[in-house]
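Structure file structure_6.txt (compact mmCIF, C-alpha atoms and all ligand atoms) follows.
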```
# COMPACT_ATOMS: atom_id res chain seq x y z
CA MET A 299 0.00 0.13 4.62
CA ASN A 300 -3.58 -0.81 3.79
CA TRP A 301 -2.90 -4.53 3.86
CA THR A 302 -6.43 -5.60 2.97
CA SER A 303 -6.50 -3.73 -0.35
CA LEU A 304 -2.87 -4.55 -1.03
CA ILE A 305 -3.48 -8.29 -0.67
CA ASP A 306 -6.62 -7.97 -2.85
CA GLU A 307 -4.58 -6.27 -5.55
CA LEU A 308 -1.81 -8.87 -5.34
CA ASP A 309 -4.48 -11.57 -5.67
CA GLU A 310 -6.17 -9.80 -8.59
CA ARG A 311 -3.12 -8.72 -10.60
CA GLY A 312 -0.18 -10.80 -9.38
CA CYS A 313 1.64 -7.74 -8.06
CA ALA A 314 1.13 -4.78 -5.73
CA VAL A 315 3.22 -1.80 -4.70
CA LEU A 316 4.14 -1.41 -1.02
CA PRO A 317 4.82 2.32 -0.80
CA GLY A 318 7.62 3.65 1.41
CA LEU A 319 8.86 0.40 2.93
CA LEU A 320 12.23 2.04 3.57
CA SER A 321 13.16 5.70 4.17
CA PRO A 322 15.68 7.42 1.85
CA ALA A 323 18.36 7.09 4.56
CA GLN A 324 17.60 3.38 4.98
CA CYS A 325 17.79 2.96 1.19
CA ARG A 326 21.19 4.62 1.02
CA ALA A 327 22.47 2.54 3.94
CA ALA A 328 21.19 -0.67 2.35
CA ALA A 329 22.76 0.14 -1.04
CA ALA A 330 26.08 0.96 0.67
CA LEU A 331 26.18 -2.59 2.09
CA TYR A 332 26.89 -3.80 -1.45
CA ASP A 333 30.58 -2.97 -1.04
CA GLU A 334 30.91 -4.78 2.32
CA GLU A 335 31.97 -8.10 0.82
CA ASP A 336 32.02 -10.00 4.13
CA ARG A 337 28.26 -9.71 4.37
CA PHE A 338 27.66 -11.88 1.31
CA ARG A 339 27.95 -15.57 0.52
CA SER A 340 28.21 -15.19 -3.24
CA HIS A 341 28.61 -12.68 -6.02
CA VAL A 342 26.99 -13.22 -9.42
CA GLN A 343 27.95 -11.48 -12.67
CA MET A 344 24.71 -11.85 -14.57
CA ALA A 345 26.25 -11.81 -18.07
CA ARG A 346 28.32 -14.91 -17.26
CA HIS A 347 25.19 -16.99 -16.73
CA GLY A 348 23.04 -15.48 -19.46
CA PHE A 349 20.84 -13.82 -16.80
CA GLY A 350 21.22 -10.35 -18.33
CA ARG A 351 23.80 -7.72 -17.48
CA GLY A 352 24.60 -6.35 -14.04
CA GLU A 353 25.50 -8.04 -10.79
CA TYR A 354 24.10 -9.19 -7.49
CA ARG A 355 25.17 -10.57 -4.14
CA TYR A 356 23.36 -12.97 -1.81
CA PHE A 357 23.63 -12.07 1.87
CA ARG A 358 25.12 -14.51 4.37
CA TYR A 359 23.51 -15.43 7.64
CA PRO A 360 23.13 -13.63 9.97
CA LEU A 361 21.29 -11.16 7.72
CA PRO A 362 21.78 -7.46 8.47
CA ASP A 363 19.08 -6.20 10.82
CA PRO A 364 16.73 -4.37 8.44
CA VAL A 365 16.83 -7.26 5.96
CA ALA A 366 16.07 -9.91 8.60
CA ALA A 367 13.35 -7.69 10.08
CA LEU A 368 11.67 -7.09 6.72
CA ARG A 369 11.78 -10.77 5.86
CA SER A 370 10.09 -11.90 9.05
CA ALA A 371 7.64 -8.97 9.18
CA LEU A 372 6.46 -9.31 5.57
CA TYR A 373 6.08 -13.10 5.43
CA PRO A 374 2.99 -13.39 7.71
CA ARG A 375 1.19 -10.74 5.62
CA PHE A 376 1.38 -13.02 2.59
CA ALA A 377 1.03 -16.51 4.13
CA GLY A 378 -2.80 -16.50 3.95
CA LEU A 379 -2.86 -15.54 0.25
CA ALA A 380 -0.15 -18.11 -0.47
CA ASP A 381 -2.38 -20.79 1.12
CA ARG A 382 -5.42 -19.64 -0.88
CA TRP A 383 -3.45 -19.68 -4.14
CA ASN A 384 -2.25 -23.21 -3.45
CA ALA A 385 -5.76 -24.37 -2.56
CA ARG A 386 -7.16 -22.90 -5.81
CA MET A 387 -4.37 -24.54 -7.83
CA GLY A 388 -4.87 -27.95 -6.23
CA ASN A 389 -1.52 -27.78 -4.44
CA ALA A 390 -1.67 -29.39 -0.96
CA VAL A 391 1.19 -27.32 0.50
CA ARG A 392 0.17 -24.85 3.27
CA TYR A 393 2.46 -22.33 4.95
CA PRO A 394 3.35 -21.90 8.64
CA ALA A 395 2.04 -18.65 10.14
CA ASP A 396 5.53 -17.32 10.87
CA HIS A 397 8.68 -17.18 8.79
CA ALA A 398 10.80 -19.09 11.32
CA GLY A 399 8.45 -22.05 10.86
CA PHE A 400 8.77 -21.91 7.08
CA LEU A 401 12.58 -21.64 7.28
CA GLU A 402 12.65 -24.76 9.47
CA ARG A 403 10.88 -26.60 6.65
CA CYS A 404 13.38 -25.29 4.06
CA HIS A 405 16.37 -26.12 6.24
CA ALA A 406 15.12 -29.65 7.04
CA ALA A 407 14.96 -30.27 3.27
CA GLY A 408 18.54 -29.05 2.76
CA GLN A 409 17.59 -25.55 1.58
CA MET A 410 19.93 -23.81 4.02
CA ARG A 411 21.43 -20.90 2.11
CA PRO A 412 19.95 -17.41 2.52
CA THR A 413 18.37 -15.85 -0.58
CA PRO A 414 17.93 -12.14 0.25
CA LEU A 415 20.09 -10.22 -2.18
CA LEU A 416 21.31 -6.83 -3.31
CA LEU A 417 21.41 -6.06 -7.02
CA ARG A 418 23.45 -3.40 -8.80
CA TYR A 419 22.85 -2.21 -12.36
CA GLY A 420 24.81 0.31 -14.45
CA PRO A 421 24.21 1.83 -17.89
CA GLY A 422 23.05 -0.80 -20.39
CA ASP A 423 22.37 -3.40 -17.67
CA TYR A 424 19.13 -5.38 -17.46
CA ASN A 425 17.68 -8.44 -15.74
CA CYS A 426 16.16 -11.10 -18.02
CA LEU A 427 12.70 -12.43 -17.24
CA HIS A 428 13.09 -15.15 -14.64
CA ARG A 429 11.66 -16.97 -11.61
CA ASP A 430 13.54 -17.21 -8.31
CA LEU A 431 13.14 -20.93 -7.57
CA TYR A 432 15.86 -22.52 -5.47
CA GLY A 433 14.58 -25.98 -4.59
CA GLU A 434 11.48 -27.99 -3.80
CA HIS A 435 10.17 -25.53 -1.19
CA VAL A 436 8.89 -22.30 -2.68
CA PHE A 437 7.02 -19.46 -1.07
CA PRO A 438 4.89 -18.14 -3.96
CA ILE A 439 5.26 -14.39 -3.24
CA GLN A 440 8.40 -12.27 -3.02
CA VAL A 441 9.29 -8.60 -2.62
CA ALA A 442 11.80 -6.31 -4.34
CA ILE A 443 12.58 -2.85 -2.96
CA LEU A 444 13.96 -0.04 -5.10
CA LEU A 445 16.84 1.64 -3.21
CA SER A 446 17.76 4.29 -5.82
CA VAL A 447 15.90 7.40 -6.98
CA PRO A 448 14.39 6.96 -10.48
CA GLY A 449 15.02 9.88 -12.83
CA GLU A 450 17.83 11.09 -10.56
CA ASP A 451 20.16 8.16 -9.79
CA PHE A 452 19.19 6.31 -12.97
CA THR A 453 16.89 6.31 -16.01
CA GLY A 454 15.28 3.29 -17.70
CA GLY A 455 15.59 0.19 -15.52
CA GLU A 456 11.91 -0.48 -14.95
CA PHE A 457 10.63 -3.45 -12.99
CA VAL A 458 8.54 -5.63 -15.32
CA LEU A 459 6.37 -8.71 -14.99
CA THR A 460 4.97 -11.03 -17.61
CA GLU A 461 1.99 -13.29 -17.19
CA GLN A 462 1.85 -16.25 -19.54
CA ARG A 463 -1.71 -17.49 -19.92
CA PRO A 464 -2.68 -20.94 -21.16
CA ARG A 465 -3.39 -20.96 -24.93
CA MET A 466 -3.45 -17.16 -24.95
CA GLN A 467 -0.98 -14.39 -25.58
CA SER A 468 1.09 -13.11 -22.66
CA ARG A 469 0.30 -9.99 -20.70
CA CYS A 470 2.98 -7.65 -19.36
CA GLU A 471 3.04 -5.12 -16.58
CA VAL A 472 5.51 -2.32 -15.82
CA VAL A 473 5.56 -1.41 -12.13
CA PRO A 474 6.42 2.21 -11.38
CA LEU A 475 8.44 2.43 -8.17
CA GLY A 476 9.87 5.33 -6.20
CA GLN A 477 12.85 5.10 -3.87
CA GLY A 478 11.96 2.91 -0.89
CA ASP A 479 8.89 1.40 -2.54
CA GLY A 480 8.57 -2.34 -2.64
CA VAL A 481 6.76 -4.50 -5.13
CA ALA A 482 5.21 -7.76 -3.97
CA PHE A 483 4.67 -10.23 -6.78
CA ALA A 484 4.01 -13.85 -7.68
CA VAL A 485 7.21 -15.89 -7.92
CA ASN A 486 5.86 -18.50 -10.33
CA ASP A 487 2.32 -19.75 -10.99
CA ARG A 488 -0.83 -18.16 -9.60
CA PRO A 489 -4.56 -18.71 -10.11
CA VAL A 490 -6.70 -16.23 -12.05
CA ARG A 491 -10.50 -16.16 -11.96
CA GLY A 492 -12.01 -16.73 -15.39
CA ALA A 493 -15.58 -17.05 -16.69
CA ARG A 494 -15.39 -20.82 -16.24
CA GLY A 495 -13.47 -21.00 -12.96
CA ASP A 496 -9.81 -20.53 -12.17
CA TYR A 497 -7.01 -20.96 -14.61
CA ARG A 498 -3.30 -20.92 -13.90
CA VAL A 499 -0.89 -18.30 -15.21
CA HIS A 500 2.87 -18.44 -15.23
CA MET A 501 4.66 -15.28 -14.02
CA ARG A 502 8.18 -14.05 -14.64
CA HIS A 503 9.86 -10.82 -13.58
CA GLY A 504 12.83 -8.78 -14.75
CA VAL A 505 14.23 -5.29 -15.24
CA SER A 506 14.33 -3.33 -18.51
CA ARG A 507 17.59 -1.83 -19.74
CA LEU A 508 19.08 1.04 -17.75
CA ARG A 509 19.56 4.07 -19.98
CA SER A 510 21.89 5.83 -17.53
CA GLY A 511 23.14 5.92 -13.94
CA ARG A 512 23.17 3.28 -11.25
CA ARG A 513 20.27 1.35 -9.75
CA HIS A 514 20.27 -0.75 -6.56
CA THR A 515 17.54 -3.11 -5.41
CA LEU A 516 17.02 -5.23 -2.32
CA GLY A 517 15.37 -8.56 -3.05
CA ILE A 518 13.49 -10.39 -0.29
CA ILE A 519 12.84 -14.03 -1.17
CA PHE A 520 11.24 -16.10 1.57
CA HIS A 521 12.47 -19.61 0.73
CA ASP A 522 16.11 -20.49 1.27
CA ALA A 523 18.25 -22.14 -1.41
CA ALA A 524 19.54 -25.67 -1.84
O1 LIG B 601 16.19 -5.32 -9.61
C1 LIG B 601 14.98 -5.59 -9.58
O2 LIG B 601 14.11 -4.74 -9.53
C2 LIG B 601 14.54 -7.04 -9.65
C3 LIG B 601 15.36 -7.87 -8.75
C4 LIG B 601 14.98 -9.32 -8.75
O3 LIG B 601 14.99 -10.01 -9.73
C5 LIG B 601 14.60 -9.91 -7.46
O4 LIG B 601 14.58 -9.21 -6.43
O5 LIG B 601 14.31 -11.11 -7.45
FE FE B 602 14.39 -12.04 -9.24
```
Same coordinates, now as structure tokens:
Amino acid sequence: MNWTSLIDELDERGCAVLPGLLSPAQCRAAAALYDEEDRFRSHVQMARHGFGRGEYRYFRYPLPDPVAALRSALYPRFAGLADRWNARMGNAVRYPADHAGFLERCHAAGQMRPTPLLLRYGPGDYNCLHRDLYGEHVFPIQVAILLSVPGEDFTGGEFVLTEQRPRMQSRCEVVPLGQGDGVAFAVNDRPVRGARGDYRVHMRHGVSRLRSGRRHTLGIIFHDAA
């Protein structure tokens, strides 16, 4: 990974692709965990909550090894940019250098429940534009990893982001992902450089409708949930 250019791109555009985070075998193994119910603390049918169509499961602690390892290895890559975004937005919150330190802060505030999740979509399923906020403590960047093979396991089902700009029309972005690729993106607000200094944009993410097949994703969110 060329982390310097990746962080620059994330800063510039609000998202960046992390190519080949997981191998095809790791992707298949991760997707297969979906059916091991004991590994999860809850199961959400998205249609029941108006979140879209499809389903997802939040892992329980202890997280399976690759999920825990990704969460703690990725966090420190983003902590510096998270601090810079907060500074530019006039937010006084700064982030500990390691994920264990940030989790201590979440847990002390009652945000104890793990947020990494597996998602499963079938034909016609989609994920409405949303923000993954679960309490007062928010880490402003998260990662989603595509576990399935586009064009082979499924068609449609593209990862999308929208950027709502103040007093302007919204911008959208479709992020092309291959199996094992991750996308790092802004959870909520982020600063954008304009002609007269920074302004703040409001980001949301989702998944367009699957035309066919089955799509699995692994979501890595760094804050825990209340
Ligand atoms: O399935 C996806 O690509 C998006 C999943 C998602 O919303 C998330 O990981 O927070
Ligand atoms: Fe999400």
6 Å shell around ligand LIG 601 (chain B) using all atoms listed in the file, listed as a short mmCIF file (atom, residue, chain, number, x, y, z; two decimals) with C-alpha atoms, in the frame of the given file:
```cif
data_model
loop_
_atom_site.label_atom_id
_atom_site.label_comp_id
_atom_site.auth_asym_id
_atom_site.auth_seq_id
_atom_site.Cartn_x
_atom_site.Cartn_y
_atom_site.Cartn_z
CA LEU A 417 21.41 -6.06 -7.02
CA ALA A 442 11.80 -6.31 -4.34
CA PHE A 457 10.63 -3.45 -12.99
CA GLY A 504 12.83 -8.78 -14.75
CA VAL A 505 14.23 -5.29 -15.24
CA THR A 515 17.54 -3.11 -5.41
CA GLY A 517 15.37 -8.56 -3.05
#
```
Select from chain A every residue with an atom at most 10 Å from any atom of ligand FE 602 (chain B), then for each give the shortest pair of atoms and their distance in Å to one decimal, using only C-alpha atoms and all ligand atoms, rows by chain and rising number, as JSON lines.
```
{"residue": "A:Leu415", "atom": "CA", "partner": "B:FE602", "partner_atom": "FE", "distance": 9.3}
{"residue": "A:Leu417", "atom": "CA", "partner": "B:FE602", "partner_atom": "FE", "distance": 9.5}
{"residue": "A:Asn425", "atom": "CA", "partner": "B:FE602", "partner_atom": "FE", "distance": 8.1}
{"residue": "A:Cys426", "atom": "CA", "partner": "B:FE602", "partner_atom": "FE", "distance": 9.0}
{"residue": "A:Leu427", "atom": "CA", "partner": "B:FE602", "partner_atom": "FE", "distance": 8.2}
{"residue": "A:His428", "atom": "CA", "partner": "B:FE602", "partner_atom": "FE", "distance": 6.4}
{"residue": "A:Arg429", "atom": "CA", "partner": "B:FE602", "partner_atom": "FE", "distance": 6.1}
{"residue": "A:Asp430", "atom": "CA", "partner": "B:FE602", "partner_atom": "FE", "distance": 5.3}
{"residue": "A:Leu431", "atom": "CA", "partner": "B:FE602", "partner_atom": "FE", "distance": 9.1}
{"residue": "A:Gln440", "atom": "CA", "partner": "B:FE602", "partner_atom": "FE", "distance": 8.6}
{"residue": "A:Val441", "atom": "CA", "partner": "B:FE602", "partner_atom": "FE", "distance": 9.0}
{"residue": "A:Ala442", "atom": "CA", "partner": "B:FE602", "partner_atom": "FE", "distance": 8.0}
{"residue": "A:Val485", "atom": "CA", "partner": "B:FE602", "partner_atom": "FE", "distance": 8.3}
{"residue": "A:Arg502", "atom": "CA", "partner": "B:FE602", "partner_atom": "FE", "distance": 8.5}
{"residue": "A:His503", "atom": "CA", "partner": "B:FE602", "partner_atom": "FE", "distance": 6.4}
{"residue": "A:Gly504", "atom": "CA", "partner": "B:FE602", "partner_atom": "FE", "distance": 6.6}
{"residue": "A:Val505", "atom": "CA", "partner": "B:FE602", "partner_atom": "FE", "distance": 9.0}
{"residue": "A:Gly517", "atom": "CA", "partner": "B:FE602", "partner_atom": "FE", "distance": 7.2}
{"residue": "A:Ile518", "atom": "CA", "partner": "B:FE602", "partner_atom": "FE", "distance": 9.1}
{"residue": "A:Ile519", "atom": "CA", "partner": "B:FE602", "partner_atom": "FE", "distance": 8.5}
```
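We find atom CA of Asp487 of chain A and atom CA of Val499 of chain A to be spaced 5.5 Å apart.
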Worksheet item: If you measure from atom CA of Arg382 of chain A to atom CA of Arg469 of chain A, what distance in Å do you get, rounded to one decimal?
Response: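 The value is 22.8 Å.
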Practice prompt. Can you pull out every residue within 8 Å of segment 354-369 of chain A, counting only C-alpha atoms, but drop anything in the same chain fewer than 5 positions away, and send it as a ChimeraX atom specification?
Written response: /A:332,337-344,397,411-418,518-520
Worksheet item: Looking at all atoms listed in the file, which of A:Gly388, A:Gly350, A:Gly422, A:Gly476 is the one that sits closest to Ser321 of chain A?
Response: A:Gly476
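Across the structure, atom CA of Glu450 of chain A and atom CA of Leu304 of chain A are spaced 27.6 Å apart.
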Practice prompt. Select, from A:Cys313, A:Val436, A:Leu508, A:Ala371, the residue with the minimum atom-to-atom distance to Thr460 of chain A, counting all atoms listed in the file.
Written response: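 Comparing A:Cys313, A:Val436, A:Leu508, A:Ala371 against Thr460 of chain A, the winner is A:Cys313.
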Fill in: Shell around Val315 of chain A at 12 Å using only C-alpha atoms, local window under 5 positions removed, as a ChimeraX atom specification
/A:299-301,303-308,440-444,457,472-483
Worksheet item: Nearest to Arg386 of chain A: which of A:Val458, A:Ala523, A:Met501, A:Val490 is it, counting only C-alpha atoms?
Response: A:Val490
Item to complete: Could you give me, as a PyMOL selection string, the residues that have an atom at most 6 Å away from the point (2.0, -8.6, -13.6) in the coordinates of the file, using only C-alpha atoms?
Response: chain A and resi 311-313+459-461+470-471
Practice prompt. Would you please work out which residue, of A:Ala406, A:Val447, A:Ile439, A:Ala524, is nearest to Ala329 of chain A when using all atoms listed in the file?
Written response: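 The answer is A:Val447, which sits nearest to Ala329 of chain A.
The residue that comes closest to Ala323 of chain A, out of A:Ser446, A:Arg346, A:Ala398, A:Asn389 and on the basis of only C-alpha atoms, is A:Ser446.
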Worksheet item: Smallest atom-to-atom distance to Trp383 of chain A: which of A:Arg498, A:Arg513, A:Arg403, A:Arg488, using only C-alpha atoms?
Response: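 Smallest distance to Trp383 of chain A is found for A:Arg488.
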